[in-house]
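Text of the file target-v7.pdb, holding PDB, C-alpha atoms:
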ATOM      1  CA  MET A   1     -10.514 -70.710   3.346
ATOM      2  CA  VAL A   2     -11.983 -73.861   1.863
ATOM      3  CA  ALA A   3     -13.256 -76.886   3.760
ATOM      4  CA  ASP A   4     -11.828 -80.066   2.266
ATOM      5  CA  ASP A   5     -14.006 -83.142   1.874
ATOM      6  CA  MET A   6     -14.201 -85.347   4.927
ATOM      7  CA  ASP A   7     -12.936 -88.896   4.933
ATOM      8  CA  ALA A   8     -14.736 -91.666   6.791
ATOM      9  CA  ASN A   9     -12.033 -91.519   9.487
ATOM     10  CA  ASP A  10     -12.442 -87.776  10.112
ATOM     11  CA  CYS A  11     -14.321 -86.520  13.109
ATOM     12  CA  ALA A  12     -17.793 -84.991  12.798
ATOM     13  CA  GLU A  13     -16.475 -81.453  12.421
ATOM     14  CA  PRO A  14     -14.690 -80.676   9.143
ATOM     15  CA  THR A  15     -11.217 -79.245   9.338
ATOM     16  CA  LEU A  16     -10.419 -76.093   7.418
ATOM     17  CA  ARG A  17      -7.236 -75.934   5.440
ATOM     18  CA  LEU A  18      -5.897 -72.770   3.857
ATOM     19  CA  ARG A  19      -4.987 -72.791   0.219
ATOM     20  CA  GLN A  20      -2.485 -70.369  -1.186
ATOM     21  CA  TYR A  21      -3.623 -69.044  -4.519
ATOM     22  CA  ALA A  22      -0.780 -66.650  -5.317
ATOM     23  CA  PRO A  23       2.208 -65.336  -3.450
ATOM     24  CA  LYS A  24       1.761 -61.836  -2.052
ATOM     25  CA  SER A  25       4.550 -60.500  -4.237
ATOM     26  CA  GLN A  26       2.437 -61.132  -7.361
ATOM     27  CA  HIS A  27      -0.372 -58.769  -6.297
ATOM     28  CA  LYS A  28      -0.341 -55.587  -8.360
ATOM     29  CA  GLU A  29      -2.883 -53.475  -6.394
ATOM     30  CA  PRO A  30      -1.943 -51.431  -3.346
ATOM     31  CA  ARG A  31      -3.088 -52.850  -0.018
ATOM     32  CA  GLY A  32      -6.838 -52.463   0.430
ATOM     33  CA  GLY A  33      -7.290 -51.155  -3.108
ATOM     34  CA  ALA A  34      -6.001 -47.752  -2.017
ATOM     35  CA  VAL A  35      -5.722 -44.932  -4.505
ATOM     36  CA  THR A  36      -2.204 -43.601  -4.840
ATOM     37  CA  ALA A  37      -0.988 -40.541  -6.689
ATOM     38  CA  SER A  38       2.557 -39.386  -7.138
ATOM     39  CA  ALA A  39       3.600 -35.764  -6.717
ATOM     40  CA  GLY A  40       3.156 -34.948 -10.414
ATOM     41  CA  GLU A  41      -0.264 -36.547 -10.881
ATOM     42  CA  GLN A  42      -3.630 -34.886 -10.372
ATOM     43  CA  LEU A  43      -6.212 -36.719  -8.280
ATOM     44  CA  ASP A  44      -9.850 -35.938  -9.028
ATOM     45  CA  VAL A  45     -10.645 -34.877  -5.467
ATOM     46  CA  GLU A  46     -14.327 -34.338  -6.154
ATOM     47  CA  ALA A  47     -14.808 -37.805  -7.652
ATOM     48  CA  TYR A  48     -12.856 -39.424  -4.814
ATOM     49  CA  ALA A  49     -14.778 -37.537  -2.112
ATOM     50  CA  SER A  50     -18.138 -38.391  -3.687
ATOM     51  CA  LEU A  51     -17.574 -42.005  -2.613
ATOM     52  CA  TYR A  52     -17.997 -40.986   1.040
ATOM     53  CA  THR A  53     -20.446 -39.093   3.229
ATOM     54  CA  GLY A  54     -20.459 -37.318   6.568
ATOM     55  CA  ARG A  55     -17.461 -37.290   8.858
ATOM     56  CA  THR A  56     -15.613 -39.903   6.785
ATOM     57  CA  LYS A  57     -15.716 -37.614   3.764
ATOM     58  CA  ILE A  58     -14.426 -34.685   5.818
ATOM     59  CA  MET A  59     -11.577 -36.673   7.350
ATOM     60  CA  ARG A  60     -10.479 -38.031   3.965
ATOM     61  CA  LEU A  61     -10.479 -34.514   2.525
ATOM     62  CA  PHE A  62      -8.387 -33.338   5.492
ATOM     63  CA  PHE A  63      -5.955 -36.172   4.826
ATOM     64  CA  ILE A  64      -5.651 -35.179   1.163
ATOM     65  CA  ALA A  65      -5.090 -31.537   2.119
ATOM     66  CA  ASP A  66      -2.443 -32.461   4.697
ATOM     67  CA  HIS A  67      -0.501 -34.928   2.558
ATOM     68  CA  CYS A  68      -0.705 -33.728  -1.034
ATOM     69  CA  GLN A  69       2.111 -31.675  -2.436
ATOM     70  CA  ASN A  70      -0.035 -29.985  -5.063
ATOM     71  CA  LEU A  71      -1.434 -26.613  -3.891
ATOM     72  CA  THR A  72      -4.450 -26.815  -6.208
ATOM     73  CA  MET A  73      -5.478 -30.208  -4.835
ATOM     74  CA  GLU A  74      -4.918 -29.035  -1.264
ATOM     75  CA  LEU A  75      -7.135 -25.973  -1.716
ATOM     76  CA  GLU A  76      -9.809 -28.022  -3.501
ATOM     77  CA  ALA A  77      -9.880 -30.536  -0.640
ATOM     78  CA  LEU A  78     -10.114 -27.725   1.935
ATOM     79  CA  ARG A  79     -12.908 -26.012  -0.007
ATOM     80  CA  MET A  80     -14.902 -29.228  -0.252
ATOM     81  CA  SER A  81     -14.396 -30.003   3.443
ATOM     82  CA  TYR A  82     -15.501 -26.456   4.357
ATOM     83  CA  ASP A  83     -18.703 -26.876   2.328
ATOM     84  CA  GLU A  84     -19.388 -30.316   3.825
ATOM     85  CA  ILE A  85     -18.836 -29.112   7.391
ATOM     86  CA  LYS A  86     -21.227 -26.185   6.922
ATOM     87  CA  LYS A  87     -23.978 -28.726   6.095
ATOM     88  CA  GLY A  88     -23.604 -30.282   9.548
ATOM     89  CA  GLU A  89     -23.184 -29.106  13.117
ATOM     90  CA  ASN A  90     -19.541 -29.828  13.987
ATOM     91  CA  THR A  91     -18.083 -26.468  15.003
ATOM     92  CA  ILE A  92     -14.767 -27.975  16.097
ATOM     93  CA  LEU A  93     -14.048 -29.282  12.588
ATOM     94  CA  TYR A  94     -15.261 -25.956  11.177
ATOM     95  CA  LYS A  95     -12.691 -24.053  13.261
ATOM     96  CA  GLU A  96     -10.001 -26.504  12.172
ATOM     97  CA  VAL A  97     -10.743 -26.129   8.445
ATOM     98  CA  CYS A  98     -10.818 -22.334   8.791
ATOM     99  CA  GLU A  99      -7.376 -22.431  10.425
ATOM    100  CA  LYS A 100      -6.044 -24.634   7.619
ATOM    101  CA  THR A 101      -7.418 -22.417   4.846
ATOM    102  CA  ASN A 102      -6.002 -19.290   6.489
ATOM    103  CA  GLY A 103      -7.900 -17.046   4.071
ATOM    104  CA  ARG A 104      -6.413 -18.691   0.971
ATOM    105  CA  LEU A 105      -9.858 -19.533  -0.459
ATOM    106  CA  GLY A 106     -11.174 -15.983  -0.560
ATOM    107  CA  PRO A 107     -13.692 -13.983   1.458
ATOM    108  CA  VAL A 108     -16.529 -16.519   1.039
ATOM    109  CA  TYR A 109     -14.588 -19.168   2.984
ATOM    110  CA  THR A 110     -13.708 -17.183   6.095
ATOM    111  CA  PHE A 111     -14.543 -17.948   9.723
ATOM    112  CA  ASP A 112     -18.202 -17.184  10.556
ATOM    113  CA  GLN A 113     -18.534 -16.668  14.315
ATOM    114  CA  GLU A 114     -22.287 -16.046  14.023
ATOM    115  CA  TRP A 115     -22.803 -19.491  12.452
ATOM    116  CA  VAL A 116     -20.694 -21.132  15.176
ATOM    117  CA  ASP A 117     -22.694 -19.409  17.937
ATOM    118  CA  THR A 118     -26.023 -20.365  16.344
ATOM    119  CA  VAL A 119     -25.052 -24.014  15.905
ATOM    120  CA  ASP A 120     -23.605 -24.261  19.434
ATOM    121  CA  ARG A 121     -26.743 -22.681  20.913
ATOM    122  CA  ARG A 122     -28.990 -25.076  18.974
ATOM    123  CA  ALA A 123     -26.876 -28.056  20.079
ATOM    124  CA  ALA A 124     -27.037 -26.989  23.737
ATOM    125  CA  GLN A 125     -30.834 -26.712  23.521
ATOM    126  CA  ARG A 126     -31.127 -30.133  21.922
ATOM    127  CA  LEU A 127     -28.821 -31.660  24.547
ATOM    128  CA  GLU A 128     -30.888 -30.171  27.374
ATOM    129  CA  LYS A 129     -34.095 -31.495  25.789
ATOM    130  CA  LEU A 130     -32.645 -35.011  25.462
ATOM    131  CA  GLU A 131     -31.404 -34.965  29.068
ATOM    132  CA  ASN A 132     -34.838 -33.885  30.340
ATOM    133  CA  GLU A 133     -36.603 -36.587  28.315
ATOM    134  CA  LEU A 134     -34.214 -39.269  29.583
ATOM    135  CA  ASN A 135     -34.642 -38.162  33.202
ATOM    136  CA  GLY A 136     -38.418 -38.295  32.764
ATOM    137  CA  TYR A 137     -38.215 -41.828  31.392
ATOM    138  CA  LYS A 138     -36.008 -42.891  34.300
ATOM    139  CA  THR A 139     -38.464 -41.402  36.791
ATOM    140  CA  ASN A 140     -41.362 -43.344  35.260
ATOM    141  CA  LEU A 141     -39.250 -46.544  34.998
ATOM    142  CA  ILE A 142     -40.336 -47.269  31.433
ATOM    143  CA  LYS A 143     -37.584 -49.603  30.245
ATOM    144  CA  GLU A 144     -38.212 -49.308  26.499
ATOM    145  CA  SER A 145     -38.386 -45.513  26.704
ATOM    146  CA  ILE A 146     -35.169 -45.419  28.755
ATOM    147  CA  ARG A 147     -33.448 -47.546  26.122
ATOM    148  CA  MET A 148     -34.695 -45.315  23.305
ATOM    149  CA  GLY A 149     -33.715 -42.199  25.279
ATOM    150  CA  ASN A 150     -30.190 -43.556  25.744
ATOM    151  CA  ASN A 151     -30.002 -44.303  21.997
ATOM    152  CA  ASP A 152     -31.125 -40.758  21.152
ATOM    153  CA  PHE A 153     -28.604 -39.363  23.622
ATOM    154  CA  GLY A 154     -25.818 -41.460  22.056
ATOM    155  CA  ASP A 155     -26.852 -40.433  18.517
ATOM    156  CA  PHE A 156     -26.506 -36.805  19.557
ATOM    157  CA  PHE A 157     -22.819 -37.288  20.192
TER
END
Will you turn the file into structure tokens for me?
Amino acid sequence: MVADDMDANDCAEPTLRLRQYAPKSQHKEPRGGAVTASAGEQLDVEAYASLYTGRTKIMRLFFIADHCQNLTMELEALRMSYDEIKKGENTILYKEVCEKTNGRLGPVYTFDQEWVDTVDRRAAQRLEKLENELNGYKTNLIKESIRMGNNDFGDFF
């Protein structure tokens, strides 16, 4: 949008007028600059995934694995998502990626119940600690500490 110059007769607030620069049919890029690959093309999954971090990276890798028709790309996306999930603490996504791989990645990428139990136990301890801290802040009626406790509690989830 571009604000046109005001005339002497215009009111104090400028009016905004839209200018059309090119019809939508002339745009060559996919909407949002999306990367597209046809069934015969190889997508560099590692380079694409390196643009993202955390849960966004995992969800994009899941999308690639679910929608690509190339088995090599699918397995690469699942392997990378498995490795990324193991860096964090999301056991639900870990179970999901293990179900999707179904042993196709070899013995290194199998379901590890001990890891799941350890991470869940650690998360339960951290949750209990945060709840106790927040209850203590509420008892003492320290507003700033209550706010920070609520932020910590929200960051946990």
Problem set entry | Using only C-alpha atoms: which of A:Asn102, A:Ser50, A:Asn132, A:Thr56 has the shortest distance to A:Leu75 | A:Asn102
For this session: Let me know the residues the PyMOL selection byres ((chain A and resi 81) around 12) catches in the file above, as a PyMOL selection string.
Result: chain A and resi 45-46+49-50+52-65+74-80+82-88+90+93-98+100-101+109
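The smallest atom-to-atom distance between A:Arg122 and any of A:Gln42, A:Asp155, A:Asp66, A:Glu89, using only C-alpha atoms, is found for A:Glu89.
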For this session: In Å, rounded to a single decimal, give me how far atom CA of A:Phe156 is from atom CA of A:Asp120.
Result: 12.9 Å
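As for atom CA of A:Gly154 and atom CA of A:Trp115, they are spaced 24.2 Å apart.
Every protein or nucleic acid residue with an atom no more than 10 Å from A:Gly149, counting all atoms listed in the file and leaving out same-chain residues fewer than 2 positions away, appears here: A:Leu130, A:Glu131, A:Asn132, A:Glu133, A:Leu134, A:Asn135, A:Gly136, A:Tyr137, A:Lys138, A:Lys143, A:Glu144, A:Ser145, A:Ile146, A:Arg147, A:Asn151, A:Asp152, A:Phe153, A:Gly154, A:Asp155.
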Using only the atoms of stretch 43-47 of chain A listed in the file, plus 8 Å on each side, state the axis-aligned box centre and edge lengths in Å rounded to one decimal, as lines of an AutoDock Vina configuration file.
center_x = -10.5
center_y = -36.1
center_z = -7.2
size_x = 24.6
size_y = 19.5
size_z = 19.6
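Interatomic distance, atom CA of A:Asn70 against atom CA of A:Gly103: 17.7 Å.
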